[in-house]
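Below is data25.pdb, which holds PDB, C-alpha atoms.
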MODEL        1
ATOM      1  CA  MET A  20      19.072 -20.522  13.268  1.00  0.00           C
ATOM      2  CA  ASN A  21      19.359 -20.157   9.499  1.00  0.00           C
ATOM      3  CA  SER A  22      19.804 -16.580   8.360  1.00  0.00           C
ATOM      4  CA  ILE A  23      17.278 -14.893   6.080  1.00  0.00           C
ATOM      5  CA  ALA A  24      18.767 -13.845   2.744  1.00  0.00           C
ATOM      6  CA  VAL A  25      17.573 -10.319   1.971  1.00  0.00           C
ATOM      7  CA  GLY A  26      17.731  -8.348  -1.247  1.00  0.00           C
ATOM      8  CA  ILE A  27      17.309  -4.567  -1.408  1.00  0.00           C
ATOM      9  CA  ILE A  28      16.227  -2.725  -4.558  1.00  0.00           C
ATOM     10  CA  GLU A  29      16.315   0.948  -3.577  1.00  0.00           C
ATOM     11  CA  ASP A  30      17.692   3.954  -5.448  1.00  0.00           C
ATOM     12  CA  GLU A  31      18.095   6.327  -2.495  1.00  0.00           C
ATOM     13  CA  PRO A  32      21.642   5.728  -1.160  1.00  0.00           C
ATOM     14  CA  ILE A  33      20.819   6.959   2.354  1.00  0.00           C
ATOM     15  CA  VAL A  34      17.845   4.592   2.682  1.00  0.00           C
ATOM     16  CA  ARG A  35      19.758   1.657   1.200  1.00  0.00           C
ATOM     17  CA  GLU A  36      22.831   2.209   3.361  1.00  0.00           C
ATOM     18  CA  SER A  37      20.710   2.647   6.480  1.00  0.00           C
ATOM     19  CA  LEU A  38      19.010  -0.689   5.830  1.00  0.00           C
ATOM     20  CA  VAL A  39      22.281  -2.490   5.134  1.00  0.00           C
ATOM     21  CA  THR A  40      23.948  -1.070   8.252  1.00  0.00           C
ATOM     22  CA  PHE A  41      20.979  -2.106  10.389  1.00  0.00           C
ATOM     23  CA  PHE A  42      20.784  -5.602   8.908  1.00  0.00           C
ATOM     24  CA  GLU A  43      24.514  -6.164   9.373  1.00  0.00           C
ATOM     25  CA  GLY A  44      23.884  -5.863  13.108  1.00  0.00           C
ATOM     26  CA  GLN A  45      21.284  -8.658  13.058  1.00  0.00           C
ATOM     27  CA  ASN A  46      22.353 -12.266  13.613  1.00  0.00           C
ATOM     28  CA  ASN A  47      19.611 -13.734  11.437  1.00  0.00           C
ATOM     29  CA  ILE A  48      19.850 -11.447   8.367  1.00  0.00           C
ATOM     30  CA  GLU A  49      22.222 -11.760   5.417  1.00  0.00           C
ATOM     31  CA  VAL A  50      22.079  -9.064   2.739  1.00  0.00           C
ATOM     32  CA  VAL A  51      22.780 -10.923  -0.506  1.00  0.00           C
ATOM     33  CA  CYS A  52      22.131  -8.044  -2.886  1.00  0.00           C
ATOM     34  CA  GLN A  53      21.734  -4.292  -2.771  1.00  0.00           C
ATOM     35  CA  VAL A  54      21.052  -2.519  -6.061  1.00  0.00           C
ATOM     36  CA  ASN A  55      19.563   0.801  -7.157  1.00  0.00           C
ATOM     37  CA  SER A  56      17.403  -0.418 -10.040  1.00  0.00           C
ATOM     38  CA  LEU A  57      15.577  -3.401 -11.449  1.00  0.00           C
ATOM     39  CA  GLU A  58      17.890  -3.390 -14.424  1.00  0.00           C
ATOM     40  CA  ALA A  59      20.845  -3.835 -12.042  1.00  0.00           C
ATOM     41  CA  PHE A  60      18.987  -6.670 -10.303  1.00  0.00           C
ATOM     42  CA  GLN A  61      18.373  -8.405 -13.641  1.00  0.00           C
ATOM     43  CA  GLN A  62      22.043  -8.119 -14.513  1.00  0.00           C
ATOM     44  CA  LEU A  63      23.159  -9.440 -11.112  1.00  0.00           C
ATOM     45  CA  TYR A  64      21.007 -12.548 -11.474  1.00  0.00           C
ATOM     46  CA  SER A  65      21.386 -13.017 -15.222  1.00  0.00           C
ATOM     47  CA  ASP A  66      23.571 -16.121 -14.944  1.00  0.00           C
ATOM     48  CA  GLY A  67      22.004 -17.698 -11.851  1.00  0.00           C
ATOM     49  CA  SER A  68      25.289 -17.816  -9.944  1.00  0.00           C
ATOM     50  CA  ASN A  69      24.335 -15.434  -7.128  1.00  0.00           C
ATOM     51  CA  LYS A  70      22.394 -16.494  -4.048  1.00  0.00           C
ATOM     52  CA  ALA A  71      18.693 -15.703  -4.429  1.00  0.00           C
ATOM     53  CA  PRO A  72      17.089 -13.627  -1.666  1.00  0.00           C
ATOM     54  CA  ASP A  73      14.437 -15.178   0.555  1.00  0.00           C
ATOM     55  CA  VAL A  74      12.851 -11.734   0.891  1.00  0.00           C
ATOM     56  CA  ILE A  75      13.245  -8.685  -1.364  1.00  0.00           C
ATOM     57  CA  LEU A  76      12.577  -5.122  -0.226  1.00  0.00           C
ATOM     58  CA  LEU A  77      11.397  -3.295  -3.345  1.00  0.00           C
ATOM     59  CA  ASP A  78      10.897   0.426  -3.879  1.00  0.00           C
ATOM     60  CA  ILE A  79       8.389   1.692  -6.460  1.00  0.00           C
ATOM     61  CA  GLY A  80       9.919   4.978  -7.620  1.00  0.00           C
ATOM     62  CA  LEU A  81      13.060   3.616  -9.262  1.00  0.00           C
ATOM     63  CA  PRO A  82      15.102   4.926 -12.193  1.00  0.00           C
ATOM     64  CA  GLY A  83      14.198   3.043 -15.352  1.00  0.00           C
ATOM     65  CA  MET A  84      11.645   0.313 -14.699  1.00  0.00           C
ATOM     66  CA  SER A  85       9.327   1.050 -11.770  1.00  0.00           C
ATOM     67  CA  GLY A  86       8.908  -1.325  -8.860  1.00  0.00           C
ATOM     68  CA  LEU A  87       5.341  -2.083  -9.936  1.00  0.00           C
ATOM     69  CA  GLU A  88       6.495  -3.057 -13.421  1.00  0.00           C
ATOM     70  CA  GLY A  89       9.301  -5.142 -12.007  1.00  0.00           C
ATOM     71  CA  ILE A  90       7.364  -7.405  -9.646  1.00  0.00           C
ATOM     72  CA  ARG A  91       6.453  -9.970 -12.295  1.00  0.00           C
ATOM     73  CA  ILE A  92       9.974  -9.834 -13.749  1.00  0.00           C
ATOM     74  CA  ILE A  93      11.496 -10.499 -10.312  1.00  0.00           C
ATOM     75  CA  LYS A  94       9.163 -13.466  -9.854  1.00  0.00           C
ATOM     76  CA  LYS A  95      10.399 -14.905 -13.151  1.00  0.00           C
ATOM     77  CA  ILE A  96      14.056 -14.518 -12.129  1.00  0.00           C
ATOM     78  CA  VAL A  97      13.781 -15.661  -8.497  1.00  0.00           C
ATOM     79  CA  ALA A  98      10.402 -17.367  -8.281  1.00  0.00           C
ATOM     80  CA  ASP A  99      10.679 -18.369  -4.629  1.00  0.00           C
ATOM     81  CA  SER A 100      11.609 -14.909  -3.335  1.00  0.00           C
ATOM     82  CA  ASP A 101       8.925 -13.027  -1.409  1.00  0.00           C
ATOM     83  CA  ILE A 102       8.535  -9.367  -2.337  1.00  0.00           C
ATOM     84  CA  VAL A 103       7.895  -6.686   0.260  1.00  0.00           C
ATOM     85  CA  MET A 104       7.143  -3.224  -1.121  1.00  0.00           C
ATOM     86  CA  LEU A 105       8.958  -0.499   0.837  1.00  0.00           C
ATOM     87  CA  THR A 106       7.831   2.825  -0.558  1.00  0.00           C
ATOM     88  CA  THR A 107       6.448   6.309  -0.014  1.00  0.00           C
ATOM     89  CA  TYR A 108       3.450   5.531  -2.250  1.00  0.00           C
ATOM     90  CA  GLU A 109       0.382   4.884  -0.104  1.00  0.00           C
ATOM     91  CA  GLU A 110      -2.462   5.347  -2.604  1.00  0.00           C
ATOM     92  CA  SER A 111      -5.024   2.525  -2.572  1.00  0.00           C
ATOM     93  CA  GLU A 112      -4.667   1.937  -6.307  1.00  0.00           C
ATOM     94  CA  THR A 113      -0.889   1.526  -6.037  1.00  0.00           C
ATOM     95  CA  ILE A 114      -1.189  -0.819  -3.061  1.00  0.00           C
ATOM     96  CA  PHE A 115      -3.580  -3.134  -4.879  1.00  0.00           C
ATOM     97  CA  LYS A 116      -1.605  -3.069  -8.114  1.00  0.00           C
ATOM     98  CA  ALA A 117       1.439  -4.247  -6.171  1.00  0.00           C
ATOM     99  CA  LEU A 118      -0.431  -6.970  -4.297  1.00  0.00           C
ATOM    100  CA  CYS A 119      -2.180  -8.193  -7.440  1.00  0.00           C
ATOM    101  CA  ALA A 120       1.147  -8.318  -9.298  1.00  0.00           C
ATOM    102  CA  GLY A 121       2.665 -10.647  -6.702  1.00  0.00           C
ATOM    103  CA  ALA A 122       3.980  -8.634  -3.745  1.00  0.00           C
ATOM    104  CA  CYS A 123       3.031 -10.280  -0.457  1.00  0.00           C
ATOM    105  CA  SER A 124       3.466  -7.280   1.840  1.00  0.00           C
ATOM    106  CA  TYR A 125       3.428  -3.492   1.676  1.00  0.00           C
ATOM    107  CA  LEU A 126       5.358  -1.142   3.977  1.00  0.00           C
ATOM    108  CA  SER A 127       5.529   2.618   4.205  1.00  0.00           C
ATOM    109  CA  LYS A 128       9.017   4.113   4.286  1.00  0.00           C
ATOM    110  CA  ARG A 129       7.858   5.784   7.471  1.00  0.00           C
ATOM    111  CA  SER A 130       8.126   2.359   9.107  1.00  0.00           C
ATOM    112  CA  SER A 131      10.879   1.974  11.685  1.00  0.00           C
ATOM    113  CA  LEU A 132      13.823  -0.340  11.055  1.00  0.00           C
ATOM    114  CA  SER A 133      12.487  -2.699  13.722  1.00  0.00           C
ATOM    115  CA  GLN A 134       9.127  -2.856  11.899  1.00  0.00           C
ATOM    116  CA  ILE A 135      10.898  -3.652   8.637  1.00  0.00           C
ATOM    117  CA  LEU A 136      12.838  -6.416  10.383  1.00  0.00           C
ATOM    118  CA  GLU A 137       9.598  -7.756  11.848  1.00  0.00           C
ATOM    119  CA  ALA A 138       8.008  -7.722   8.396  1.00  0.00           C
ATOM    120  CA  ILE A 139      10.900  -9.682   6.898  1.00  0.00           C
ATOM    121  CA  THR A 140      10.678 -12.271   9.677  1.00  0.00           C
ATOM    122  CA  VAL A 141       6.908 -12.646   9.333  1.00  0.00           C
ATOM    123  CA  VAL A 142       7.091 -12.929   5.544  1.00  0.00           C
ATOM    124  CA  ASN A 143       9.904 -15.482   5.697  1.00  0.00           C
ATOM    125  CA  GLN A 144       7.688 -17.601   7.944  1.00  0.00           C
ATOM    126  CA  GLY A 145       4.945 -17.573   5.335  1.00  0.00           C
ATOM    127  CA  GLY A 146       2.928 -14.622   6.581  1.00  0.00           C
ATOM    128  CA  SER A 147       2.100 -11.188   5.240  1.00  0.00           C
ATOM    129  CA  TYR A 148       2.796  -7.803   6.802  1.00  0.00           C
ATOM    130  CA  MET A 149       1.321  -4.348   6.296  1.00  0.00           C
ATOM    131  CA  SER A 150       2.132  -0.986   7.836  1.00  0.00           C
ATOM    132  CA  PRO A 151      -0.787   0.103  10.073  1.00  0.00           C
ATOM    133  CA  SER A 152      -1.724   2.920   7.672  1.00  0.00           C
ATOM    134  CA  ILE A 153      -1.650   0.500   4.738  1.00  0.00           C
ATOM    135  CA  ALA A 154      -3.645  -2.127   6.620  1.00  0.00           C
ATOM    136  CA  ARG A 155      -6.372   0.442   7.317  1.00  0.00           C
ATOM    137  CA  LYS A 156      -6.661   1.185   3.604  1.00  0.00           C
ATOM    138  CA  VAL A 157      -6.938  -2.529   2.822  1.00  0.00           C
ATOM    139  CA  VAL A 158      -9.656  -3.045   5.439  1.00  0.00           C
ATOM    140  CA  LYS A 159     -11.524   0.048   4.266  1.00  0.00           C
ATOM    141  CA  TYR A 160     -11.319  -1.089   0.657  1.00  0.00           C
ATOM    142  CA  PHE A 161     -12.967  -4.415   1.417  1.00  0.00           C
ATOM    143  CA  SER A 162     -15.520  -2.972   3.826  1.00  0.00           C
ATOM    144  CA  PRO A 163     -18.946  -2.783   2.080  1.00  0.00           C
ATOM    145  CA  SER A 164     -19.751   0.482   3.821  1.00  0.00           C
ATOM    146  CA  GLY A 165     -16.310   1.986   3.500  1.00  0.00           C
ATOM    147  CA  HIS A 166     -15.330   1.293  -0.091  1.00  0.00           C
ATOM    148  CA  SER A 167     -15.620   4.287  -2.393  1.00  0.00           C
ATOM    149  CA  LYS A 168     -14.593   4.586  -5.998  1.00  0.00           C
ATOM    150  CA  LYS A 169     -13.230   7.988  -5.057  1.00  0.00           C
ATOM    151  CA  GLU A 170     -10.204   6.219  -3.594  1.00  0.00           C
ATOM    152  CA  LEU A 171      -9.256   5.077  -7.093  1.00  0.00           C
ATOM    153  CA  LEU A 172      -8.647   8.687  -8.108  1.00  0.00           C
ATOM    154  CA  THR A 173      -5.632  10.856  -7.405  1.00  0.00           C
ATOM    155  CA  PRO A 174      -6.191  14.166  -5.548  1.00  0.00           C
ATOM    156  CA  ARG A 175      -5.896  16.068  -8.867  1.00  0.00           C
ATOM    157  CA  GLN A 176      -8.414  13.761 -10.534  1.00  0.00           C
ATOM    158  CA  GLN A 177     -10.807  14.287  -7.628  1.00  0.00           C
ATOM    159  CA  GLN A 178     -10.481  18.048  -8.157  1.00  0.00           C
ATOM    160  CA  ILE A 179     -11.262  17.657 -11.849  1.00  0.00           C
ATOM    161  CA  VAL A 180     -14.305  15.490 -11.052  1.00  0.00           C
ATOM    162  CA  ALA A 181     -15.537  18.194  -8.660  1.00  0.00           C
ATOM    163  CA  GLY A 182     -15.117  20.781 -11.418  1.00  0.00           C
ATOM    164  CA  LEU A 183     -17.062  18.712 -13.942  1.00  0.00           C
ATOM    165  CA  VAL A 184     -19.864  18.103 -11.455  1.00  0.00           C
ATOM    166  CA  GLU A 185     -19.991  21.856 -10.795  1.00  0.00           C
ATOM    167  CA  GLY A 186     -20.480  22.377 -14.516  1.00  0.00           C
ATOM    168  CA  LEU A 187     -17.072  23.895 -15.259  1.00  0.00           C
ATOM    169  CA  SER A 188     -15.718  23.619 -18.783  1.00  0.00           C
ATOM    170  CA  TYR A 189     -12.369  21.989 -19.525  1.00  0.00           C
ATOM    171  CA  LYS A 190     -10.837  25.453 -19.952  1.00  0.00           C
ATOM    172  CA  MET A 191     -12.267  26.704 -16.663  1.00  0.00           C
ATOM    173  CA  ILE A 192     -10.883  23.648 -14.865  1.00  0.00           C
ATOM    174  CA  ALA A 193      -7.506  24.147 -16.548  1.00  0.00           C
ATOM    175  CA  ASP A 194      -7.423  27.808 -15.500  1.00  0.00           C
ATOM    176  CA  LYS A 195      -8.549  27.005 -11.952  1.00  0.00           C
ATOM    177  CA  TYR A 196      -5.749  24.509 -11.349  1.00  0.00           C
ATOM    178  CA  ILE A 197      -3.158  26.188 -13.614  1.00  0.00           C
ATOM    179  CA  ILE A 198      -2.776  23.215 -15.941  1.00  0.00           C
ATOM    180  CA  SER A 199      -3.260  22.805 -19.694  1.00  0.00           C
ATOM    181  CA  ILE A 200      -6.510  21.737 -21.327  1.00  0.00           C
ATOM    182  CA  GLU A 201      -4.657  18.691 -22.707  1.00  0.00           C
ATOM    183  CA  THR A 202      -3.722  17.710 -19.163  1.00  0.00           C
ATOM    184  CA  VAL A 203      -7.373  18.030 -18.142  1.00  0.00           C
ATOM    185  CA  ARG A 204      -8.429  15.836 -21.090  1.00  0.00           C
ATOM    186  CA  ASP A 205      -5.764  13.261 -20.213  1.00  0.00           C
ATOM    187  CA  HIS A 206      -6.951  13.132 -16.592  1.00  0.00           C
ATOM    188  CA  ILE A 207     -10.576  12.730 -17.689  1.00  0.00           C
ATOM    189  CA  LYS A 208      -9.670   9.774 -19.916  1.00  0.00           C
ATOM    190  CA  LYS A 209      -7.930   8.153 -16.949  1.00  0.00           C
ATOM    191  CA  ILE A 210     -10.881   8.945 -14.657  1.00  0.00           C
ATOM    192  CA  TYR A 211     -13.328   7.287 -17.066  1.00  0.00           C
ATOM    193  CA  LYS A 212     -11.063   4.240 -17.341  1.00  0.00           C
ATOM    194  CA  LYS A 213     -10.645   3.890 -13.564  1.00  0.00           C
ATOM    195  CA  LEU A 214     -14.352   4.296 -12.890  1.00  0.00           C
ATOM    196  CA  GLN A 215     -15.279   2.138 -15.895  1.00  0.00           C
ATOM    197  CA  ILE A 216     -17.616   4.752 -17.357  1.00  0.00           C
ATOM    198  CA  ASN A 217     -17.877   6.472 -20.725  1.00  0.00           C
ATOM    199  CA  SER A 218     -19.567   9.811 -20.197  1.00  0.00           C
ATOM    200  CA  LYS A 219     -19.900  12.911 -18.052  1.00  0.00           C
ATOM    201  CA  ALA A 220     -23.497  11.922 -17.300  1.00  0.00           C
ATOM    202  CA  GLU A 221     -22.321   8.668 -15.720  1.00  0.00           C
ATOM    203  CA  LEU A 222     -19.718  10.607 -13.749  1.00  0.00           C
ATOM    204  CA  ILE A 223     -22.331  12.985 -12.361  1.00  0.00           C
ATOM    205  CA  LYS A 224     -24.594  10.035 -11.520  1.00  0.00           C
ATOM    206  CA  LEU A 225     -21.806   8.426  -9.468  1.00  0.00           C
ATOM    207  CA  SER A 226     -21.276  11.716  -7.667  1.00  0.00           C
ATOM    208  CA  VAL A 227     -24.957  12.197  -6.902  1.00  0.00           C
ATOM    209  CA  GLU A 228     -25.220   8.632  -5.606  1.00  0.00           C
ATOM    210  CA  GLY A 229     -22.214   9.221  -3.346  1.00  0.00           C
ATOM    211  CA  ASP A 230     -19.926   6.669  -5.001  1.00  0.00           C
ATOM    212  CA  ILE A 231     -17.262   9.334  -5.658  1.00  0.00           C
TER     213      ILE A 231
ENDMDL
END

In structure tokens, how does this file's structure come out?
Amino acid sequence: MNSIAVGIIEDEPIVRESLVTFFEGQNNIEVVCQVNSLEAFQQLYSDGSNKAPDVILLDIGLPGMSGLEGIRIIKKIVADSDIVMLTTYEESETIFKALCAGACSYLSKRSSLSQILEAITVVNQGGSYMSPSIARKVVKYFSPSGHSKKELLTPRQQQIVAGLVEGLSYKMIADKYIISIETVRDHIKKIYKKLQINSKAELIKLSVEGDI
């Protein structure tokens, strides 16, 4: 049986070392790279002399370039490598950004080592793999009855929406959540962009209609 070449891009030493130690005990896995950043990955493969991974485990919260930013860059460097996100980020928006950018699978760091191994095997055979909690979010997103624009918003943004719907001013919202008015304004801009609206009236309409 040919071994699966695996690359690991993970900045937490304990997580990275745990993965490497586990994979070293598997007959069908060969770790061909283990780096703590996308910049280090770029440097390692800058001259094309190193063996390209069949499957790459990619974290999102990395120093320097984030995993989300790096997906397209990885695909340019090693076009045939499949990318599996392995991260603590489980927000619907983040999941879909990763999948749309080119990742083929998405795993929570709460996954067991055996689940990660299973994911690598499935992906290497041309399939896709999701953690159960991630899969539920994907199914819910595409379910006509289950999809809500509210899922596009972070918990803080949902709080700010609730405040606006209640009729609170920017200052009152800022005081309530102990943040600056500028932070409130910044969140509102992002909320409007995510919901593809341009006014408070549209925001309230979405709330009344149960879309958020």

So what do you get for CA of Ile223 (chain A) versus CA of Lys116 (chain A), distance-wise? 26.6 Å

Need to verify the contact set: region 125-127 of chain A, 9 Å, all atoms listed in the file, exclusion of same-chain residues closer than 5 positions in sequence. Can you return it as a ChimeraX atom specification? /A:102-109,114,117-118,134-135,138,147-154

Selected residues, C-alpha atoms, written as a CSV table (one decimal), in the coordinates of the input, please.
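Saved result, result-v2.csv, follows:
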chain,number,residue,atom,x,y,z
A,102,ILE,CA,8.5,-9.4,-2.3
A,103,VAL,CA,7.9,-6.7,0.3
A,104,MET,CA,7.1,-3.2,-1.1
A,105,LEU,CA,9.0,-0.5,0.8
A,106,THR,CA,7.8,2.8,-0.6
A,107,THR,CA,6.4,6.3,0.0
A,108,TYR,CA,3.4,5.5,-2.2
A,109,GLU,CA,0.4,4.9,-0.1
A,114,ILE,CA,-1.2,-0.8,-3.1
A,117,ALA,CA,1.4,-4.2,-6.2
A,118,LEU,CA,-0.4,-7.0,-4.3
A,134,GLN,CA,9.1,-2.9,11.9
A,135,ILE,CA,10.9,-3.7,8.6
A,138,ALA,CA,8.0,-7.7,8.4
A,147,SER,CA,2.1,-11.2,5.2
A,148,TYR,CA,2.8,-7.8,6.8
A,149,MET,CA,1.3,-4.3,6.3
A,150,SER,CA,2.1,-1.0,7.8
A,151,PRO,CA,-0.8,0.1,10.1
A,152,SER,CA,-1.7,2.9,7.7
A,153,ILE,CA,-1.6,0.5,4.7
A,154,ALA,CA,-3.6,-2.1,6.6

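Atom pair CA of Val39 (chain A) / CA of Ala24 (chain A): separated by 12.1 Å.
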
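Using only C-alpha atoms, the contacts of region 59-66 of chain A at a cut-off of 9 Å, with sequence neighbours closer than 3 positions omitted, comprise Ile28, Cys52, Gln53, Val54, Asn55, Ser56, Asn69, Lys70, Ala71, Ile92, Ile93, Ile96 and Val97 of chain A.
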
Spatial neighbours of Leu214 (chain A), 9 Å, all atoms listed in the file, chain gap at least 2 places, as an NGL selection string: :A and (168-169 or 171-172 or 209-212 or 216-217 or 222)

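Minimum atom-to-atom distance to Arg91 (chain A), evaluated using all atoms listed in the file, belongs to A:Cys119 out of A:Glu49, A:Cys119, A:Gly67, A:Glu112.
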
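Here the PyMOL selection byres ((chain A and resi 142) around 9) catches exactly these residues: Val74, Asp101, Ile102, Val103, Cys123, Ser124, Glu137, Ala138, Ile139, Thr140, Val141, Asn143, Gln144, Gly145, Gly146, Ser147 and Tyr148 of chain A.
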
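Here CA of Ile27 (chain A) stands at a distance of 18.4 Å from CA of Ala120 (chain A).
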
Near region 187-191 of chain A, counting all atoms listed in the file, which residues have an atom at most 8 Å away, once you skip same-chain residues fewer than 6 positions from it, shown as an MDAnalysis selection string? chainID A and resid 200 203:204

At a cut-off of 12 Å from (18.4, 8.9, -1.0) in the coordinates of the file, what residues are picked up using only C-alpha atoms, written as a PyMOL selection string? chain A and resi 29-38+55+78+80-81+128

Output as JSON the centre and edge lengths (Å, one decimal) of the box along x, y and z of the file that holds every listed atom of region 66-71 of chain A after adding 5 Å on each side.
{"center_x": 22.0, "center_y": -16.6, "center_z": -9.5, "size_x": 16.6, "size_y": 12.4, "size_z": 20.9}

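The residue that comes closest to Glu110 (chain A), out of A:Thr173, A:Thr40, A:Ser22, A:Gln215 and on the basis of all atoms listed in the file, is A:Thr173.
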
Got a sec to resolve the PyMOL selection byres ((chain A and resi 192) around 12) on this structure and send the residues as JSON, numbers by chain? {"A": [175, 176, 177, 178, 179, 180, 181, 182, 183, 184, 185, 186, 187, 188, 189, 190, 191, 193, 194, 195, 196, 197, 198, 199, 200, 201, 202, 203, 204, 206, 207]}

Pick from A:Ala220, A:Glu58, A:Asp73, A:Ser111: nearest to Ser85 (chain A), with all atoms listed in the file counted? A:Glu58

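Among the candidates A:Asn21, A:Val227, A:Ser131, A:Gly121, the residue lying nearest to Lys95 (chain A) is A:Gly121 (atoms considered: only C-alpha atoms).
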